[in-house]
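Have a look at the structure below before the remarks.
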Amino acid sequence: LINDMPQTVVANFITFSARTSANQTQDMIDAKLDKRRKGIFGPPLGKKFVFFVDDLNMPAKEEYGAQPPIELLRQWQDHNGWYDRKNIGAFRKLVDITFVCAMGPPGGGRNPITQRFSRHFNFLAFTEMSNATKASIFEPILAAYLRQAEDLGGDIARRVVDTTIAVYDTITRELLPTPAKVHYTFNLRDLAKVFQGMLMNEAGALRETADVVRLWTHECRRVFRDRLINTEDREWFNTLIKARATKEFDLAWEEVVVRGERGHMFIGLCEFPEK
């Protein structure tokens with residue numbers, strides 16, 4: 001929408017949340033439009049507006065099950081405008097605009113939208129990749145990196161990738177976004193960040209399996225745990241990582257981490273040159 005649109009098309013971005021109201025939505029859109037003539041509003045002459053609405057199905061439902069911001073947009077779809085809240089009874093016709101919307105599957109604070117609204121759109125949907133496909137992407141990359149460490153052998157890359165995917169699947173299934181945790185949205189980009197962070201470490205510093213698991217634990221905590229907002233969720237994540245690390249790699253947790261006097265976890269990843 002930003003880079004490849006003609007000069008006559010201007011993109012505007014709106015992000016819905018659980019607290020977004022119909023009045024807020026109307027004000028955001030009306031503020032972008034100019035008055036063409038009495039009762040008709042639109043972008044500057046010679047331009048067209050595309051409003052991209054992200055997280056379309058996030059607004060909370062009201063008493064009767066409707067989502068007011070979506071009902072407002074549906075009024076434009078059905079009647080080409082909406083009523084002016086200040087000039088009671090005056091109808092504002094909106095011209096030369098259109099809407100592009102994006103949303104995730106219902107669940108975790110997201111709601112199904114009414115078919116009266118969705119019938120106006122053409123749909124483009126993407127299915128989640130299978131775990132085998134994810135593994136086929138990340139395993140060769142990690143294996144090539146770990147081959148630089150002479151003392152590492154076996155199927156360590158496969159085990160790290162499979163365990164990371166299992167952790168990612170558990171997190172996306174259990175830690176769902178809510179109105180208080182709207183940022184609990186984990187996707188394939190987060191999974192890739194774990195391996196990206198591992199590859200930034202010097203491979204020569206990895207001398208045994210425990211070193212690889214230590215590095216993997218650090219990156220999982222950085223990508224996933226640092227996003228968690230309360231002690232309960234962080235303790236749940238610690239238990240998950242500990243269980244996976246000890247089960248999948250046949251290591252005692254004490255071999256992976258060293259704890260200080262105050263319970264802080266120390267994970268050494270640096271290799272300092274000898275003087």
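FYI, nothing fancy with the structure tokens labels: chains A, B, ... in order, residues from 1 per chain, ligands from 1 as they appear.
Contact shell of Lys32 in chain A at 12 Å (only C-alpha atoms; same-chain neighbours under 5 positions omitted): Val10, Ala11, Asn12, Phe13, Ile14, Thr25, Gln26, Asp27, Phe41, Gly42, Pro43, Pro44, Lys48, Phe49, Val50, Phe51, Leu94 and Ile97 of chain A.
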Could those residues be written to a file, using N, CA, C and O atoms, as a short mmCIF file (atom, residue, chain, number, x, y, z; two decimals), in the first residue's frame?
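What follows is the written file result-v5.cif:
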data_model
loop_
_atom_site.label_atom_id
_atom_site.label_comp_id
_atom_site.auth_asym_id
_atom_site.auth_seq_id
_atom_site.Cartn_x
_atom_site.Cartn_y
_atom_site.Cartn_z
N VAL A 10 -3.82 7.32 -1.98
CA VAL A 10 -3.18 7.61 -0.69
C VAL A 10 -3.65 6.58 0.33
O VAL A 10 -4.86 6.36 0.49
N ALA A 11 -2.70 5.96 1.01
CA ALA A 11 -3.03 4.93 2.00
C ALA A 11 -3.12 5.55 3.39
O ALA A 11 -2.30 6.40 3.77
N ASN A 12 -4.12 5.15 4.15
CA ASN A 12 -4.28 5.55 5.55
C ASN A 12 -4.45 4.28 6.38
O ASN A 12 -5.09 3.32 5.94
N PHE A 13 -3.90 4.29 7.59
CA PHE A 13 -3.86 3.08 8.40
C PHE A 13 -4.62 3.27 9.71
O PHE A 13 -4.44 4.28 10.40
N ILE A 14 -5.46 2.30 10.03
CA ILE A 14 -6.24 2.30 11.26
C ILE A 14 -6.06 0.93 11.92
O ILE A 14 -6.14 -0.10 11.25
N THR A 25 -13.78 5.58 15.49
CA THR A 25 -13.55 5.20 14.10
C THR A 25 -14.07 6.27 13.15
O THR A 25 -13.39 6.65 12.19
N GLN A 26 -15.26 6.77 13.41
CA GLN A 26 -15.84 7.81 12.56
C GLN A 26 -14.98 9.07 12.59
O GLN A 26 -14.73 9.68 11.55
N ASP A 27 -14.50 9.45 13.78
CA ASP A 27 -13.68 10.65 13.89
C ASP A 27 -12.35 10.50 13.14
O ASP A 27 -11.89 11.46 12.49
N PHE A 41 -18.30 14.25 1.11
CA PHE A 41 -16.94 14.37 1.62
C PHE A 41 -16.06 13.32 0.95
O PHE A 41 -16.51 12.24 0.57
N GLY A 42 -14.78 13.66 0.81
CA GLY A 42 -13.85 12.73 0.20
C GLY A 42 -12.43 13.25 0.30
O GLY A 42 -12.17 14.31 0.88
N PRO A 43 -11.47 12.55 -0.28
CA PRO A 43 -10.09 13.02 -0.30
C PRO A 43 -9.95 14.24 -1.20
O PRO A 43 -10.91 14.61 -1.90
N PRO A 44 -8.80 14.89 -1.21
CA PRO A 44 -8.60 16.02 -2.12
C PRO A 44 -8.89 15.61 -3.57
O PRO A 44 -8.70 14.45 -3.96
N LYS A 48 -7.58 9.34 -4.35
CA LYS A 48 -8.46 8.32 -3.76
C LYS A 48 -7.79 7.80 -2.50
O LYS A 48 -6.57 7.65 -2.45
N PHE A 49 -8.59 7.53 -1.48
CA PHE A 49 -8.08 7.04 -0.21
C PHE A 49 -8.34 5.54 -0.09
O PHE A 49 -9.43 5.06 -0.40
N VAL A 50 -7.30 4.82 0.38
CA VAL A 50 -7.46 3.42 0.78
C VAL A 50 -7.20 3.35 2.28
O VAL A 50 -6.11 3.68 2.75
N PHE A 51 -8.21 2.97 3.03
CA PHE A 51 -8.08 2.82 4.48
C PHE A 51 -7.76 1.35 4.79
O PHE A 51 -8.57 0.47 4.50
N LEU A 94 -19.66 9.63 1.65
CA LEU A 94 -18.21 9.54 1.48
C LEU A 94 -17.89 8.94 0.13
O LEU A 94 -18.37 7.85 -0.20
N ILE A 97 -13.30 6.53 -1.67
CA ILE A 97 -12.57 5.81 -0.62
C ILE A 97 -12.90 4.33 -0.73
O ILE A 97 -13.93 3.95 -1.32
#
One-decimal distance in Å that lies between CA of Asp250 in chain A and CA of Leu199 in chain A: 23.0 Å
Contacts of Ala125 in chain A at 12 Å (only C-alpha atoms; same-chain gap of 5+ positions) as a list in words: Cys101, Ala102, Met103, Gly104 and Pro105 of chain A
DSSP strand (DSSP E) selection over range 24-273 of chain A, as a PyMOL selection string: chain A and resi 34-37+40-42+48-54+81-83+91-94+97-101+258-259+265-266
Atoms kept (N, CA, C and O atoms) for selection, written as a short mmCIF file (atom, residue, chain, number, x, y, z; two decimals), in the first residue's frame:
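Okay, result.cif is ready:
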data_model
loop_
_atom_site.label_atom_id
_atom_site.label_comp_id
_atom_site.auth_asym_id
_atom_site.auth_seq_id
_atom_site.Cartn_x
_atom_site.Cartn_y
_atom_site.Cartn_z
N ASP A 34 -12.01 15.81 3.07
CA ASP A 34 -12.37 17.21 2.79
C ASP A 34 -13.82 17.28 2.33
O ASP A 34 -14.38 16.32 1.80
N LYS A 35 -14.41 18.45 2.52
CA LYS A 35 -15.77 18.66 2.05
C LYS A 35 -15.75 19.01 0.57
O LYS A 35 -15.12 19.98 0.15
N ARG A 36 -16.42 18.18 -0.24
CA ARG A 36 -16.50 18.43 -1.68
C ARG A 36 -17.59 19.46 -1.98
O ARG A 36 -17.37 20.45 -2.65
N ARG A 37 -18.76 19.17 -1.48
CA ARG A 37 -19.90 20.08 -1.56
C ARG A 37 -20.87 19.67 -0.47
O ARG A 37 -20.54 18.79 0.34
N ILE A 40 -21.31 15.96 0.90
CA ILE A 40 -20.42 15.02 0.22
C ILE A 40 -18.98 15.30 0.66
O ILE A 40 -18.50 16.44 0.57
N PHE A 41 -18.30 14.25 1.11
CA PHE A 41 -16.94 14.37 1.62
C PHE A 41 -16.06 13.32 0.95
O PHE A 41 -16.51 12.24 0.57
N GLY A 42 -14.78 13.66 0.81
CA GLY A 42 -13.85 12.73 0.20
C GLY A 42 -12.43 13.25 0.30
O GLY A 42 -12.17 14.31 0.88
N LYS A 48 -7.58 9.34 -4.35
CA LYS A 48 -8.46 8.32 -3.76
C LYS A 48 -7.79 7.80 -2.50
O LYS A 48 -6.57 7.65 -2.45
N PHE A 49 -8.59 7.53 -1.48
CA PHE A 49 -8.08 7.04 -0.21
C PHE A 49 -8.34 5.54 -0.09
O PHE A 49 -9.43 5.06 -0.40
N VAL A 50 -7.30 4.82 0.38
CA VAL A 50 -7.46 3.42 0.78
C VAL A 50 -7.20 3.35 2.28
O VAL A 50 -6.11 3.68 2.75
N PHE A 51 -8.21 2.97 3.03
CA PHE A 51 -8.08 2.82 4.48
C PHE A 51 -7.76 1.35 4.79
O PHE A 51 -8.57 0.47 4.50
N PHE A 52 -6.58 1.11 5.36
CA PHE A 52 -6.21 -0.24 5.77
C PHE A 52 -6.54 -0.41 7.25
O PHE A 52 -5.98 0.29 8.10
N VAL A 53 -7.46 -1.30 7.55
CA VAL A 53 -7.91 -1.54 8.93
C VAL A 53 -7.28 -2.85 9.41
O VAL A 53 -7.60 -3.93 8.90
N ASP A 54 -6.38 -2.75 10.38
CA ASP A 54 -5.73 -3.93 10.92
C ASP A 54 -6.45 -4.39 12.19
O ASP A 54 -7.08 -3.59 12.88
N GLY A 81 -22.06 6.01 3.29
CA GLY A 81 -21.78 7.07 4.24
C GLY A 81 -22.40 6.80 5.58
O GLY A 81 -22.89 5.69 5.86
N TRP A 82 -22.40 7.84 6.45
CA TRP A 82 -23.01 7.73 7.77
C TRP A 82 -23.51 9.10 8.20
O TRP A 82 -23.25 10.11 7.55
N TYR A 83 -24.22 9.13 9.31
CA TYR A 83 -24.84 10.37 9.78
C TYR A 83 -23.84 11.22 10.56
O TYR A 83 -22.96 10.70 11.26
N PHE A 91 -26.77 13.61 6.61
CA PHE A 91 -26.06 12.41 6.17
C PHE A 91 -24.79 12.82 5.43
O PHE A 91 -24.81 13.68 4.55
N ARG A 92 -23.67 12.20 5.80
CA ARG A 92 -22.38 12.47 5.18
C ARG A 92 -22.09 11.37 4.16
O ARG A 92 -21.81 10.23 4.54
N LYS A 93 -22.15 11.70 2.89
CA LYS A 93 -21.82 10.75 1.84
C LYS A 93 -20.31 10.80 1.58
O LYS A 93 -19.75 11.87 1.34
N LEU A 94 -19.66 9.63 1.65
CA LEU A 94 -18.21 9.54 1.48
C LEU A 94 -17.89 8.94 0.13
O LEU A 94 -18.37 7.85 -0.20
N ILE A 97 -13.30 6.53 -1.67
CA ILE A 97 -12.57 5.81 -0.62
C ILE A 97 -12.90 4.33 -0.73
O ILE A 97 -13.93 3.95 -1.32
N THR A 98 -12.03 3.50 -0.19
CA THR A 98 -12.29 2.07 -0.10
C THR A 98 -11.55 1.52 1.10
O THR A 98 -10.69 2.21 1.69
N PHE A 99 -11.86 0.29 1.47
CA PHE A 99 -11.28 -0.29 2.68
C PHE A 99 -10.61 -1.62 2.34
O PHE A 99 -11.13 -2.43 1.58
N VAL A 100 -9.43 -1.82 2.94
CA VAL A 100 -8.73 -3.10 2.93
C VAL A 100 -8.56 -3.49 4.39
O VAL A 100 -8.09 -2.68 5.20
N CYS A 101 -8.94 -4.71 4.74
CA CYS A 101 -8.94 -5.10 6.16
C CYS A 101 -8.13 -6.37 6.36
O CYS A 101 -7.99 -7.19 5.44
N VAL A 258 23.51 -21.83 35.33
CA VAL A 258 24.15 -21.66 36.64
C VAL A 258 23.44 -20.51 37.33
O VAL A 258 23.29 -19.43 36.74
N ARG A 259 23.02 -20.70 38.56
CA ARG A 259 22.28 -19.66 39.28
C ARG A 259 23.17 -18.99 40.33
O ARG A 259 23.95 -19.65 41.01
N MET A 265 19.92 -16.12 36.74
CA MET A 265 20.41 -17.15 35.84
C MET A 265 21.56 -16.59 35.02
O MET A 265 21.46 -15.53 34.40
N PHE A 266 22.68 -17.29 35.01
CA PHE A 266 23.85 -16.87 34.24
C PHE A 266 24.05 -17.81 33.07
O PHE A 266 24.13 -19.03 33.23
#
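Summary of the local environment: counting only C-alpha atoms, residues at most 9 Å from Phe16 in chain A, other than itself and those fewer than 2 positions away along its chain, are Ile14, Ala18, Arg19, Thr20, Ser21, Thr25, Val53, Asp54, Asp55, Leu56, Asn57, Met58, Pro59 and Pro69 of chain A.
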With C-alpha atoms retained, could you export that selection as a compact mmCIF listing (two decimals), in the first residue's frame?
# COMPACT_ATOMS: atom_id res chain seq x y z
CA ILE A 14 -6.24 2.30 11.26
CA ALA A 18 -10.79 -4.16 22.07
CA ARG A 19 -11.56 -0.60 23.21
CA THR A 20 -12.08 0.97 19.78
CA SER A 21 -15.52 2.59 19.53
CA THR A 25 -13.55 5.20 14.10
CA VAL A 53 -7.91 -1.54 8.93
CA ASP A 54 -5.73 -3.93 10.92
CA ASP A 55 -7.03 -6.29 13.63
CA LEU A 56 -10.53 -5.81 12.24
CA ASN A 57 -12.18 -8.31 14.58
CA MET A 58 -10.61 -7.04 17.83
CA PRO A 59 -13.41 -4.62 18.93
CA PRO A 69 -16.88 -0.01 14.71
Helix (DSSP H, G or I) residues, from DSSP on the backbone, in range 131-210 of chain A, as an NGL selection string: :A and (131-146 or 156-174 or 188-199 or 203-205 or 209-210)
Each residue of range 95-142 of chain A lying at most 10 Å from range 166-180 of chain A should get a row with its shortest atom-to-atom pair and the distance in Å to one decimal, counting only C-alpha atoms; could you produce that, ordered by chain and increasing number, as CSV?
residue,atom,partner,partner_atom,distance
A:Gly107,CA,A:Leu176,CA,7.8
A:Gly108,CA,A:Leu176,CA,4.8
A:Gly109,CA,A:Thr178,CA,4.8
A:Arg110,CA,A:Thr178,CA,8.3
A:Asn131,CA,A:Ala166,CA,8.7
Export of prior selection with N, CA and C atoms as a PDB file, in the first residue's frame:
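What follows is the written file selection-v6.pdb:
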ATOM      1  N   GLY A 107     -10.700 -15.965  18.402  1.00  0.00           N
ATOM      2  CA  GLY A 107     -10.138 -16.595  19.591  1.00  0.00           C
ATOM      3  C   GLY A 107      -9.115 -15.687  20.246  1.00  0.00           C
ATOM      4  N   GLY A 108      -9.015 -15.770  21.586  1.00  0.00           N
ATOM      5  CA  GLY A 108      -8.051 -14.966  22.295  1.00  0.00           C
ATOM      6  C   GLY A 108      -8.298 -13.479  22.186  1.00  0.00           C
ATOM      7  N   GLY A 109      -9.546 -13.057  22.300  1.00  0.00           N
ATOM      8  CA  GLY A 109      -9.884 -11.643  22.207  1.00  0.00           C
ATOM      9  C   GLY A 109     -10.394 -11.218  20.844  1.00  0.00           C
ATOM     10  N   ARG A 110     -10.185 -12.052  19.837  1.00  0.00           N
ATOM     11  CA  ARG A 110     -10.718 -11.769  18.503  1.00  0.00           C
ATOM     12  C   ARG A 110     -12.088 -12.426  18.362  1.00  0.00           C
ATOM     13  N   ASN A 131       4.411 -28.317  10.675  1.00  0.00           N
ATOM     14  CA  ASN A 131       5.676 -28.363  11.411  1.00  0.00           C
ATOM     15  C   ASN A 131       6.796 -28.943  10.564  1.00  0.00           C
TER      16      ASN A 131
END
All residues 9 Å or closer to Leu146 in chain A, only C-alpha atoms, same chain fewer than 2 positions away omitted, as a VMD selection string: chain A and resid 141 to 144 148 to 150 152 to 153 156 to 157 199 203 206 212
Polymer residues at most 12 Å from Leu240 in chain A, only C-alpha atoms, same-chain spacing of 2 or more positions, as a list of chain:residue names: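 Everything that qualifies: A:Thr163, A:Thr164, A:Ala166, A:Val167, A:Tyr168, A:Asp169, A:Thr170, A:Ile171, A:Glu174, A:Thr217, A:Cys220, A:Arg221, A:Phe224, A:Arg225, A:Asp233, A:Arg234, A:Glu235, A:Trp236, A:Phe237, A:Asn238, A:Lys242, A:Ala243, A:Arg244, A:Ala245, A:Thr246, A:Lys247, A:Glu248.
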Can you spit out the residues from that selection as an mmCIF file, in the first residue's frame, using C-alpha atoms?
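Okay, this is what ended up in selection.cif:
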data_model
loop_
_atom_site.group_PDB
_atom_site.id
_atom_site.type_symbol
_atom_site.label_atom_id
_atom_site.label_comp_id
_atom_site.auth_asym_id
_atom_site.auth_seq_id
_atom_site.Cartn_x
_atom_site.Cartn_y
_atom_site.Cartn_z
ATOM 1 C CA THR A 163 12.055 -28.568 20.213
ATOM 2 C CA THR A 164 11.801 -24.891 19.238
ATOM 3 C CA ALA A 166 7.160 -27.556 19.899
ATOM 4 C CA VAL A 167 7.751 -24.631 22.274
ATOM 5 C CA TYR A 168 6.347 -22.186 19.699
ATOM 6 C CA ASP A 169 3.240 -24.333 19.173
ATOM 7 C CA THR A 170 2.631 -24.538 22.924
ATOM 8 C CA ILE A 171 3.016 -20.784 23.381
ATOM 9 C CA GLU A 174 -1.709 -21.365 25.547
ATOM 10 C CA THR A 217 17.515 -21.278 26.171
ATOM 11 C CA CYS A 220 13.919 -18.468 23.661
ATOM 12 C CA ARG A 221 13.848 -16.354 26.794
ATOM 13 C CA PHE A 224 9.262 -15.165 24.078
ATOM 14 C CA ARG A 225 9.708 -14.630 27.825
ATOM 15 C CA ASP A 233 3.149 -16.279 32.716
ATOM 16 C CA ARG A 234 6.924 -16.044 33.162
ATOM 17 C CA GLU A 235 6.958 -18.944 35.625
ATOM 18 C CA TRP A 236 4.803 -20.971 33.214
ATOM 19 C CA PHE A 237 7.337 -20.286 30.467
ATOM 20 C CA ASN A 238 10.282 -21.216 32.718
ATOM 21 C CA LYS A 242 13.053 -26.515 31.612
ATOM 22 C CA ALA A 243 10.854 -29.512 30.759
ATOM 23 C CA ARG A 244 11.716 -29.365 27.061
ATOM 24 C CA ALA A 245 15.431 -28.869 27.616
ATOM 25 C CA THR A 246 15.782 -31.786 30.046
ATOM 26 C CA LYS A 247 13.553 -34.155 28.085
ATOM 27 C CA GLU A 248 14.687 -33.548 24.510
#
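Restricting the calculation to only C-alpha atoms, the smallest distance between Leu73 in chain A and any of A:Ala205, A:Ile113, A:Thr239, A:Arg85 is found for A:Ile113.
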